[in-house]
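Student: model-v1.pdb (PDB, C-alpha atoms) pasted underneath:
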```pdb
ATOM      1  CA  MET Y   1     123.472  65.566 124.881
ATOM      2  CA  SER Y   2     123.692  62.598 127.246
ATOM      3  CA  PRO Y   3     125.350  62.630 130.693
ATOM      4  CA  HIS Y   4     128.067  60.367 129.279
ATOM      5  CA  GLU Y   5     128.974  63.071 126.747
ATOM      6  CA  ASN Y   6     128.931  65.798 129.375
ATOM      7  CA  ARG Y   7     131.149  64.149 131.938
ATOM      8  CA  PRO Y   8     134.798  65.248 132.130
ATOM      9  CA  ARG Y   9     137.316  63.326 130.088
ATOM     10  CA  GLU Y  10     140.470  64.731 131.647
ATOM     11  CA  ASP Y  11     139.884  63.585 135.232
ATOM     12  CA  GLY Y  12     142.381  60.727 135.063
ATOM     13  CA  LEU Y  13     139.684  58.074 135.567
ATOM     14  CA  PRO Y  14     139.113  55.122 133.240
ATOM     15  CA  GLN Y  15     136.411  55.466 130.590
ATOM     16  CA  ASP Y  16     135.421  51.806 130.565
ATOM     17  CA  PRO Y  17     132.145  51.301 132.543
ATOM     18  CA  GLN Y  18     133.435  48.158 134.245
ATOM     19  CA  ASP Y  19     136.545  49.978 135.419
ATOM     20  CA  MET Y  20     134.396  52.798 136.767
ATOM     21  CA  LYS Y  21     132.399  50.269 138.798
ATOM     22  CA  LEU Y  22     135.673  49.193 140.392
ATOM     23  CA  MET Y  23     136.386  52.826 141.189
ATOM     24  CA  ILE Y  24     132.972  53.156 142.854
ATOM     25  CA  HIS Y  25     133.713  50.112 145.005
ATOM     26  CA  ALA Y  26     137.040  51.705 145.965
ATOM     27  CA  LEU Y  27     135.248  54.949 146.839
ATOM     28  CA  VAL Y  28     132.730  53.188 149.076
ATOM     29  CA  ASP Y  29     135.535  51.238 150.772
ATOM     30  CA  GLY Y  30     137.514  54.436 151.422
ATOM     31  CA  GLU Y  31     140.498  53.279 149.350
ATOM     32  CA  LEU Y  32     140.893  56.388 147.173
ATOM     33  CA  ASP Y  33     142.853  59.505 147.960
ATOM     34  CA  ALA Y  34     141.046  62.848 148.145
ATOM     35  CA  ALA Y  35     141.631  63.812 144.510
ATOM     36  CA  ALA Y  36     140.522  60.468 143.090
ATOM     37  CA  ALA Y  37     137.490  60.325 145.392
ATOM     38  CA  LEU Y  38     136.399  63.779 144.245
ATOM     39  CA  ALA Y  39     136.777  62.790 140.588
ATOM     40  CA  VAL Y  40     134.680  59.648 141.097
ATOM     41  CA  GLU Y  41     131.995  61.601 142.964
ATOM     42  CA  ARG Y  42     131.789  64.048 140.057
ATOM     43  CA  ARG Y  43     131.372  61.167 137.625
ATOM     44  CA  ILE Y  44     128.602  59.725 139.787
ATOM     45  CA  ALA Y  45     126.834  63.078 139.927
ATOM     46  CA  ALA Y  46     126.968  63.415 136.138
ATOM     47  CA  ASP Y  47     125.980  59.845 135.219
ATOM     48  CA  PRO Y  48     122.645  58.300 136.351
ATOM     49  CA  ASP Y  49     123.942  54.771 135.679
ATOM     50  CA  LEU Y  50     126.932  55.292 137.953
ATOM     51  CA  ALA Y  51     124.717  56.933 140.551
ATOM     52  CA  ALA Y  52     122.439  53.883 140.512
ATOM     53  CA  GLU Y  53     125.441  51.574 140.893
ATOM     54  CA  HIS Y  54     126.713  53.669 143.804
ATOM     55  CA  ALA Y  55     123.319  53.467 145.518
ATOM     56  CA  ARG Y  56     123.180  49.719 144.923
ATOM     57  CA  ILE Y  57     126.583  49.161 146.531
ATOM     58  CA  LEU Y  58     125.673  51.290 149.548
ATOM     59  CA  SER Y  59     122.415  49.369 149.947
ATOM     60  CA  LEU Y  60     124.233  46.056 149.690
ATOM     61  CA  ARG Y  61     126.773  47.093 152.326
ATOM     62  CA  GLY Y  62     123.967  48.094 154.656
ATOM     63  CA  ALA Y  63     122.170  44.786 154.140
ATOM     64  CA  VAL Y  64     125.325  42.774 154.792
ATOM     65  CA  ALA Y  65     126.101  44.807 157.915
ATOM     66  CA  ASN Y  66     122.686  43.919 159.318
ATOM     67  CA  VAL Y  67     123.028  40.179 158.757
ATOM     68  CA  PRO Y  68     123.222  38.444 162.169
ATOM     69  CA  ARG Y  69     126.608  36.899 162.869
ATOM     70  CA  PRO Y  70     126.312  33.131 163.420
ATOM     71  CA  ALA Y  71     127.376  31.725 166.759
ATOM     72  CA  VAL Y  72     130.422  29.439 166.555
ATOM     73  CA  SER Y  73     130.767  26.731 169.161
ATOM     74  CA  ASP Y  74     133.984  26.196 171.095
ATOM     75  CA  ASP Y  75     134.083  22.598 169.858
ATOM     76  CA  PHE Y  76     134.048  23.748 166.223
ATOM     77  CA  LEU Y  77     136.834  26.276 166.863
ATOM     78  CA  ALA Y  78     138.928  23.645 168.609
ATOM     79  CA  ARG Y  79     138.569  21.249 165.665
ATOM     80  CA  ILE Y  80     139.559  23.967 163.179
ATOM     81  CA  ALA Y  81     142.616  24.870 165.237
ATOM     82  CA  ALA Y  82     143.641  21.208 165.452
ATOM     83  CA  ILE Y  83     143.318  20.763 161.681
ATOM     84  CA  ALA Y  84     145.372  23.889 161.055
ATOM     85  CA  GLU Y  85     148.151  22.821 163.419
ATOM     86  CA  VAL Y  86     148.403  19.350 161.854
ATOM     87  CA  LYS Y  87     148.454  20.805 158.332
ATOM     88  CA  ALA Y  88     151.062  23.399 159.286
ATOM     89  CA  SER Y  89     153.288  20.714 160.774
ATOM     90  CA  ASP Y  90     152.951  18.507 157.682
ATOM     91  CA  GLU Y  91     153.672  21.413 155.338
ATOM     92  CA  ALA Y  92     156.706  22.511 157.334
ATOM     93  CA  GLU Y  93     158.101  18.980 157.116
ATOM     94  CA  ALA Y  94     157.370  18.844 153.380
ATOM     95  CA  ALA Y  95     159.047  22.225 152.870
ATOM     96  CA  ARG Y  96     162.185  21.008 154.647
ATOM     97  CA  GLY Y  97     162.222  17.929 152.442
ATOM     98  CA  GLU Y  98     161.850  20.045 149.307
ATOM     99  CA  ALA Y  99     164.695  22.308 150.437
ATOM    100  CA  VAL Y 100     167.028  19.377 151.074
ATOM    101  CA  LYS Y 101     166.127  17.857 147.725
ATOM    102  CA  ALA Y 102     166.653  21.140 145.890
ATOM    103  CA  GLU Y 103     170.082  21.672 147.472
ATOM    104  CA  SER Y 104     171.208  18.172 146.498
ATOM    105  CA  GLN Y 105     170.253  18.500 142.841
ATOM    106  CA  PRO Y 106     172.310  20.812 140.576
ATOM    107  CA  GLN Y 107     170.564  22.708 137.830
ATOM    108  CA  GLN Y 108     170.564  20.603 134.641
ATOM    109  CA  GLN Y 109     168.486  22.946 132.507
ATOM    110  CA  GLN Y 110     167.719  26.625 132.132
ATOM    111  CA  GLY Y 111     164.117  26.391 133.302
ATOM    112  CA  LYS Y 112     163.221  24.803 136.619
ATOM    113  CA  VAL Y 113     159.926  24.198 138.349
ATOM    114  CA  ILE Y 114     159.423  25.568 141.855
ATOM    115  CA  ALA Y 115     156.411  24.585 143.955
ATOM    116  CA  MET Y 116     154.597  27.526 145.534
ATOM    117  CA  ARG Y 117     153.483  26.076 148.873
ATOM    118  CA  PRO Y 118     152.133  27.894 151.934
ATOM    119  CA  ARG Y 119     154.769  28.179 154.685
ATOM    120  CA  ALA Y 120     152.565  28.630 157.689
ATOM    121  CA  THR Y 121     153.644  27.133 160.978
ATOM    122  CA  ALA Y 122     151.783  26.277 164.130
ATOM    123  CA  ARG Y 123     153.209  29.379 165.818
ATOM    124  CA  TRP Y 124     151.345  31.547 163.337
ATOM    125  CA  PHE Y 125     148.069  30.550 164.927
ATOM    126  CA  ASN Y 126     149.346  31.452 168.380
ATOM    127  CA  SER Y 127     150.302  34.996 167.391
ATOM    128  CA  PHE Y 128     146.733  36.264 167.581
ATOM    129  CA  ASP Y 129     143.345  35.392 169.025
ATOM    130  CA  TRP Y 130     142.203  32.821 166.456
ATOM    131  CA  ARG Y 131     138.793  32.607 168.079
ATOM    132  CA  GLN Y 132     138.006  36.035 166.636
ATOM    133  CA  MET Y 133     139.052  34.906 163.164
ATOM    134  CA  ALA Y 134     137.436  31.487 162.850
ATOM    135  CA  ALA Y 135     136.007  32.249 159.438
ATOM    136  CA  SER Y 136     139.433  33.271 158.135
ATOM    137  CA  ILE Y 137     140.978  30.076 159.471
ATOM    138  CA  VAL Y 138     138.325  27.985 157.724
ATOM    139  CA  LEU Y 139     139.008  29.765 154.456
ATOM    140  CA  THR Y 140     142.766  29.373 154.860
ATOM    141  CA  ALA Y 141     142.449  25.643 155.492
ATOM    142  CA  PHE Y 142     140.242  25.302 152.422
ATOM    143  CA  LEU Y 143     142.607  27.189 150.143
ATOM    144  CA  ALA Y 144     145.656  25.354 151.492
ATOM    145  CA  SER Y 145     144.092  22.048 150.459
ATOM    146  CA  GLY Y 146     143.873  23.110 146.813
ATOM    147  CA  ALA Y 147     146.174  22.183 143.969
ATOM    148  CA  THR Y 148     149.829  23.201 144.167
ATOM    149  CA  GLN Y 149     150.694  26.212 142.040
ATOM    150  CA  TRP Y 150     153.798  25.906 139.884
ATOM    151  CA  LEU Y 151     156.366  28.375 138.722
ATOM    152  CA  MET Y 152     158.603  27.973 135.686
ATOM    153  CA  VAL Y 153     161.691  30.138 136.148
ATOM    154  CA  GLU Y 154     164.584  30.614 133.769
ATOM    155  CA  ASN Y 155     167.677  32.080 135.407
ATOM    156  CA  ALA Y 156     165.563  34.246 137.758
ATOM    157  CA  PRO Y 157     165.293  34.585 141.553
ATOM    158  CA  ASP Y 158     162.666  31.975 142.424
ATOM    159  CA  SER Y 159     161.249  33.577 145.553
ATOM    160  CA  PHE Y 160     160.999  37.004 143.920
ATOM    161  CA  ALA Y 161     159.094  35.648 140.912
ATOM    162  CA  VAL Y 162     156.726  33.806 143.247
ATOM    163  CA  ASP Y 163     156.106  36.996 145.229
ATOM    164  CA  VAL Y 164     155.398  38.940 142.026
ATOM    165  CA  ALA Y 165     152.834  36.317 140.986
ATOM    166  CA  ASN Y 166     151.173  36.371 144.409
ATOM    167  CA  SER Y 167     151.052  40.176 144.446
ATOM    168  CA  HIS Y 168     149.425  40.275 141.022
ATOM    169  CA  ARG Y 169     146.849  37.704 142.135
ATOM    170  CA  ARG Y 170     146.013  39.763 145.227
ATOM    171  CA  SER Y 171     145.547  42.883 143.104
ATOM    172  CA  LEU Y 172     143.000  41.080 140.931
ATOM    173  CA  LEU Y 173     141.002  40.155 144.029
ATOM    174  CA  ALA Y 174     141.079  43.690 145.449
ATOM    175  CA  ALA Y 175     138.347  46.263 144.862
ATOM    176  CA  THR Y 176     140.799  48.208 142.699
ATOM    177  CA  PRO Y 177     144.200  47.073 141.371
ATOM    178  CA  VAL Y 178     145.859  50.480 141.900
ATOM    179  CA  ASP Y 179     146.583  52.860 144.772
ATOM    180  CA  ILE Y 180     146.662  55.936 142.532
ATOM    181  CA  VAL Y 181     144.144  56.117 139.690
ATOM    182  CA  SER Y 182     145.452  58.071 136.710
ATOM    183  CA  SER Y 183     146.418  57.602 133.083
ATOM    184  CA  ASP Y 184     148.877  60.505 133.315
ATOM    185  CA  ARG Y 185     152.503  59.758 134.191
ATOM    186  CA  HIS Y 186     152.779  63.309 135.587
ATOM    187  CA  THR Y 187     150.398  62.152 138.308
ATOM    188  CA  VAL Y 188     151.487  58.533 138.802
ATOM    189  CA  LYS Y 189     155.246  59.043 138.947
ATOM    190  CA  PRO Y 190     155.278  61.864 141.550
ATOM    191  CA  TRP Y 191     152.809  59.879 143.675
ATOM    192  CA  LEU Y 192     155.109  56.823 143.700
ATOM    193  CA  ASP Y 193     158.228  58.905 144.200
ATOM    194  CA  GLY Y 194     156.643  60.731 147.120
ATOM    195  CA  ARG Y 195     155.865  57.490 148.941
ATOM    196  CA  ILE Y 196     158.879  55.278 148.317
ATOM    197  CA  GLY Y 197     161.417  57.639 146.772
ATOM    198  CA  VAL Y 198     161.569  55.943 143.380
ATOM    199  CA  SER Y 199     159.377  55.676 140.280
ATOM    200  CA  PRO Y 200     159.909  53.837 136.984
ATOM    201  CA  PRO Y 201     159.229  55.176 133.498
ATOM    202  CA  ALA Y 202     155.486  55.289 132.789
ATOM    203  CA  PRO Y 203     155.017  55.855 129.046
ATOM    204  CA  ASP Y 204     151.567  56.485 127.579
ATOM    205  CA  MET Y 205     150.847  53.509 125.315
ATOM    206  CA  ALA Y 206     147.077  53.871 124.962
ATOM    207  CA  LYS Y 207     147.397  54.302 121.207
ATOM    208  CA  ASP Y 208     149.067  50.878 121.093
ATOM    209  CA  GLY Y 209     146.245  49.243 123.046
ATOM    210  CA  TYR Y 210     147.855  49.399 126.510
ATOM    211  CA  ALA Y 211     146.164  52.043 128.665
ATOM    212  CA  LEU Y 212     147.824  53.143 131.898
ATOM    213  CA  LEU Y 213     145.361  52.730 134.788
ATOM    214  CA  GLY Y 214     147.655  53.956 137.556
ATOM    215  CA  GLY Y 215     150.201  52.627 140.029
ATOM    216  CA  ARG Y 216     150.581  51.042 143.429
ATOM    217  CA  VAL Y 217     153.263  50.226 145.977
ATOM    218  CA  GLU Y 218     154.202  46.546 146.214
ATOM    219  CA  VAL Y 219     156.103  45.025 149.120
ATOM    220  CA  ILE Y 220     158.210  42.119 147.871
ATOM    221  CA  GLY Y 221     160.881  40.523 149.991
ATOM    222  CA  ASP Y 222     160.214  43.141 152.704
ATOM    223  CA  ARG Y 223     161.117  45.882 150.215
ATOM    224  CA  PRO Y 224     158.605  48.469 148.932
ATOM    225  CA  MET Y 225     158.826  48.943 145.195
ATOM    226  CA  PRO Y 226     156.752  50.639 142.495
ATOM    227  CA  ALA Y 227     154.297  48.851 140.223
ATOM    228  CA  LEU Y 228     152.432  50.201 137.192
ATOM    229  CA  VAL Y 229     149.142  48.741 135.973
ATOM    230  CA  TYR Y 230     148.096  48.755 132.329
ATOM    231  CA  ARG Y 231     144.908  47.452 130.698
ATOM    232  CA  HIS Y 232     144.880  45.508 127.419
ATOM    233  CA  HIS Y 233     141.296  44.711 126.395
ATOM    234  CA  GLU Y 234     139.908  42.727 129.354
ATOM    235  CA  HIS Y 235     143.351  41.868 130.757
ATOM    236  CA  LEU Y 236     145.409  43.723 133.366
ATOM    237  CA  ILE Y 237     149.193  43.856 133.123
ATOM    238  CA  THR Y 238     151.204  44.591 136.259
ATOM    239  CA  LEU Y 239     154.735  45.891 135.770
ATOM    240  CA  VAL Y 240     156.854  45.667 138.916
ATOM    241  CA  ALA Y 241     160.052  47.727 138.741
ATOM    242  CA  ALA Y 242     162.616  46.676 141.345
ATOM    243  CA  PRO Y 243     165.470  49.200 141.681
ATOM    244  CA  ARG Y 244     168.687  47.480 140.640
ATOM    245  CA  GLN Y 245     171.461  46.809 143.095
ATOM    246  CA  ASN Y 246     174.941  47.888 142.054
ATOM    247  CA  GLU Y 247     176.189  44.322 141.978
ATOM    248  CA  ALA Y 248     173.189  42.966 140.054
ATOM    249  CA  LYS Y 249     173.838  41.508 136.609
ATOM    250  CA  SER Y 250     172.087  43.224 133.713
ATOM    251  CA  VAL Y 251     169.677  41.066 131.700
ATOM    252  CA  PRO Y 252     168.884  43.152 128.601
ATOM    253  CA  VAL Y 253     167.226  40.203 126.826
ATOM    254  CA  ALA Y 254     163.711  39.509 128.124
ATOM    255  CA  ASP Y 255     163.054  36.044 129.587
ATOM    256  CA  ASP Y 256     159.618  34.485 129.113
ATOM    257  CA  LEU Y 257     158.347  32.924 132.351
ATOM    258  CA  SER Y 258     155.100  31.598 133.802
ATOM    259  CA  ALA Y 259     153.673  31.289 137.303
ATOM    260  CA  GLY Y 260     150.461  29.828 138.701
ATOM    261  CA  GLY Y 261     148.316  30.494 135.611
ATOM    262  CA  PHE Y 262     149.981  33.837 134.810
ATOM    263  CA  LEU Y 263     152.659  34.701 132.278
ATOM    264  CA  LEU Y 264     155.704  36.815 133.145
ATOM    265  CA  VAL Y 265     158.468  38.588 131.274
ATOM    266  CA  HIS Y 266     161.639  39.648 133.088
ATOM    267  CA  TRP Y 267     164.380  42.001 131.931
ATOM    268  CA  THR Y 268     166.635  44.702 133.336
ATOM    269  CA  ASP Y 269     168.121  47.987 132.257
ATOM    270  CA  GLY Y 270     170.514  50.382 133.946
ATOM    271  CA  ALA Y 271     168.038  51.411 136.663
ATOM    272  CA  PHE Y 272     165.393  48.714 137.207
ATOM    273  CA  SER Y 273     164.740  44.993 137.123
ATOM    274  CA  TYR Y 274     161.331  44.709 135.438
ATOM    275  CA  TRP Y 275     158.717  41.995 135.928
ATOM    276  CA  ALA Y 276     155.654  42.154 133.656
ATOM    277  CA  ILE Y 277     152.862  39.725 134.613
ATOM    278  CA  SER Y 278     149.364  39.103 133.217
ATOM    279  CA  ASP Y 279     146.819  36.473 132.260
ATOM    280  CA  ALA Y 280     146.924  37.772 128.690
ATOM    281  CA  GLU Y 281     148.222  35.538 125.907
ATOM    282  CA  ARG Y 282     151.993  35.295 125.466
ATOM    283  CA  PRO Y 283     152.067  37.299 122.174
ATOM    284  CA  ALA Y 284     150.164  40.167 123.812
ATOM    285  CA  LEU Y 285     152.462  40.278 126.872
ATOM    286  CA  ASP Y 286     155.580  40.096 124.686
ATOM    287  CA  ASP Y 287     154.168  42.895 122.512
ATOM    288  CA  PHE Y 288     153.534  45.018 125.623
ATOM    289  CA  VAL Y 289     157.112  44.548 126.792
ATOM    290  CA  ALA Y 290     158.525  45.357 123.355
ATOM    291  CA  ARG Y 291     156.438  48.535 123.055
ATOM    292  CA  PHE Y 292     157.251  49.586 126.631
ATOM    293  CA  ARG Y 293     160.979  49.276 126.011
ATOM    294  CA  GLU Y 294     160.712  51.070 122.659
ATOM    295  CA  ALA Y 295     158.704  53.879 124.261
ATOM    296  CA  ILE Y 296     161.378  54.430 126.910
ATOM    297  CA  ILE Y 297     164.115  54.599 124.290
ATOM    298  CA  ALA Y 298     162.088  56.881 122.010
ATOM    299  CA  ASN Y 299     161.006  59.172 124.859
ATOM    300  CA  PRO Y 300     163.514  59.283 127.726
ATOM    301  CA  ALA Y 301     161.374  62.021 129.333
ATOM    302  CA  ALA Y 302     158.834  59.319 130.225
ATOM    303  CA  GLY Y 303     161.259  58.284 132.946
ATOM    304  CA  SER Y 304     161.651  61.740 134.481
ATOM    305  CA  PRO Y 305     159.829  62.493 137.711
ATOM    306  CA  GLY Y 306     157.515  65.066 136.142
TER     307      GLY Y 306
END
```
Can you present the structure in this file as structure tokens?

Tutor:
Amino acid sequence: MSPHENRPREDGLPQDPQDMKLMIHALVDGELDAAAALAVERRIAADPDLAAEHARILSLRGAVANVPRPAVSDDFLARIAAIAEVKASDEAEAARGEAVKAESQPQQQQGKVIAMRPRATARWFNSFDWRQMAASIVLTAFLASGATQWLMVENAPDSFAVDVANSHRRSLLAATPVDIVSSDRHTVKPWLDGRIGVSPPAPDMAKDGYALLGGRVEVIGDRPMPALVYRHHEHLITLVAAPRQNEAKSVPVADDLSAGGFLLVHWTDGAFSYWAISDAERPALDDFVARFREAIIANPAAGSPG
């Protein structure tokens, strides 16, 4: 019997080898809680392939740590700071122009296009010692010069949809897209509730092709809110659940949206305003939303804390 057959299957960790590599990266980076770290270490101990990957990552970290840091001249830093200040000033002026233009034009259609532009200002660079972060400034200037990302919104809060898209993008770049790794709602929901006092329904839809990977806390509009992460084939689906305000209007019919290369679906029920986002095809994302809503109706217990 191989190590793969011997390893535990009820440890809440993903079974896909690529997902386990992400978990190993998270372990090495110290991003897992004690329970998840212990589960990953047990997997590594039982699987020679994972043990080899773990050793490779540790070796790579050691090699990178020993690479000499290049010296950066004061002249180079001054030129970078000057470029950043000019760009920030130009973008602030452009943002003001966009705002004035948007206020002067009434909505003439359901969908409207909102430009997602960086809103940095020159003061941002004075709030810390930029000399210690020259590499970050270079990267920021490079990214800011790229193509403008666009958001198509239909009757939805523009800034919130933009923040959801940005949060999903950041999660894809992170070592792991979740804060709590588990396919069990009895683990994910109490973890979210214990940190921010609220947790959305988390139905098990693995049999439908949408496996729950875990959850994380998102901060959108200065408000912490829960997010669930599901996997569909090679695609990740983030479901942000914003607790509804009493005065908020219910939107039971899902709206199809898109933002910066991602697709979104937005709807609300009596408790949450949901935002599902992914790079999956539209039929797959719509199918996920339909099955999620059906699962909640069919099994109300999926929304209970335990």

Student: I need the output of the PyMOL selection byres ((chain Y and resi 267-282) around 6) for this file as a list in words; which residues are they?

Tutor: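 Matching residues under the PyMOL selection byres ((chain Y and resi 267-282) around 6) are His235, Ile237, Thr238, Leu239, Val240, Ala241, Ala242, Pro243, Arg244, Ser250, Val251, Pro252, Ala254, Phe262, Leu263, Leu264, Val265, His266, Pro283, Ala284 and Leu285 of chain Y.
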
Student: Of the residues Y:Val181, Y:Ala202, Y:Ala78, Y:Ala295, which is the one nearest to Ala34 of chain Y, using all atoms listed in the file?

Tutor: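 Closest residue, counting all atoms listed in the file: Y:Val181.
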
Student: Set the distance at 9 Å and use all atoms listed in the file: which residues neighbour segment 193-196 of chain Y once local chain neighbours fewer than 6 positions away are removed? I'd like the list as a ChimeraX atom specification.

Tutor: /Y:217,224-226,305

Student: Keeping only C-alpha atoms, take the residues you just selected and write them out as a tab-separated table (two decimals), in the coordinates of the input.

Tutor:
```tsv
chain	number	residue	atom	x	y	z
Y	217	VAL	CA	153.26	50.23	145.98
Y	224	PRO	CA	158.60	48.47	148.93
Y	225	MET	CA	158.83	48.94	145.20
Y	226	PRO	CA	156.75	50.64	142.50
Y	305	PRO	CA	159.83	62.49	137.71
```

Student: Rank nothing, just name the residue among Y:Gly209, Y:Pro177, Y:Gly197, Y:Gly215 nearest to Phe288 of chain Y, using only C-alpha atoms.

Tutor: Y:Gly209

Student: Counting all atoms listed in the file, which of Y:Ile80, Y:Leu50, Y:Ala37, Y:Ala290 gets nearest to Gln18 of chain Y?

Tutor: Y:Leu50

Student: Provide the atom CA of Glu218 of chain Y to atom CA of Met205 of chain Y distance in Å, to one decimal place.

Tutor: 22.3 Å

Student: Would you place a box with edges along x, y and z of the file around all atoms of segment 187-201 of chain Y listed there, add 3 Å to each of its six sides, and report the centre and edge lengths in Å to one decimal, as lines of an AutoDock Vina configuration file?

Tutor:
```
center_x = 156.0
center_y = 58.0
center_z = 141.2
size_x = 17.2
size_y = 14.3
size_z = 21.4
```

Student: Have a look at atom CA of Leu13 of chain Y and atom CA of Ser183 of chain Y and let me know their distance in Å, one decimal.

Tutor: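 We find that atom CA of Leu13 of chain Y and atom CA of Ser183 of chain Y lie 7.2 Å from each other.
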
Student: Nearest to Ala36 of chain Y: which of Y:Ile180, Y:Arg231, Y:Ile83, Y:Ala161 is it, counting all atoms listed in the file?

Tutor: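 Closest to Ala36 of chain Y, using all atoms listed in the file: Y:Ile180.
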
Student: Nearest to Ala206 of chain Y: which of Y:Asp179, Y:Pro14, Y:Val28, Y:Arg69 is it, counting all atoms listed in the file?

Tutor: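 Once distances to Ala206 of chain Y are computed over all atoms listed in the file, the minimum belongs to Y:Pro14.
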
Student: By how many Å are atom CA of Ala45 of chain Y and atom CA of Asp184 of chain Y apart?

Tutor: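 Result for atom CA of Ala45 of chain Y versus atom CA of Asp184 of chain Y: 23.2 Å, one decimal.
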
Student: Using all atoms listed in the file, which residue out of Y:Val162, Y:Leu27, Y:Ala71, Y:Leu212 lies closest to His186 of chain Y?

Tutor: Y:Leu212
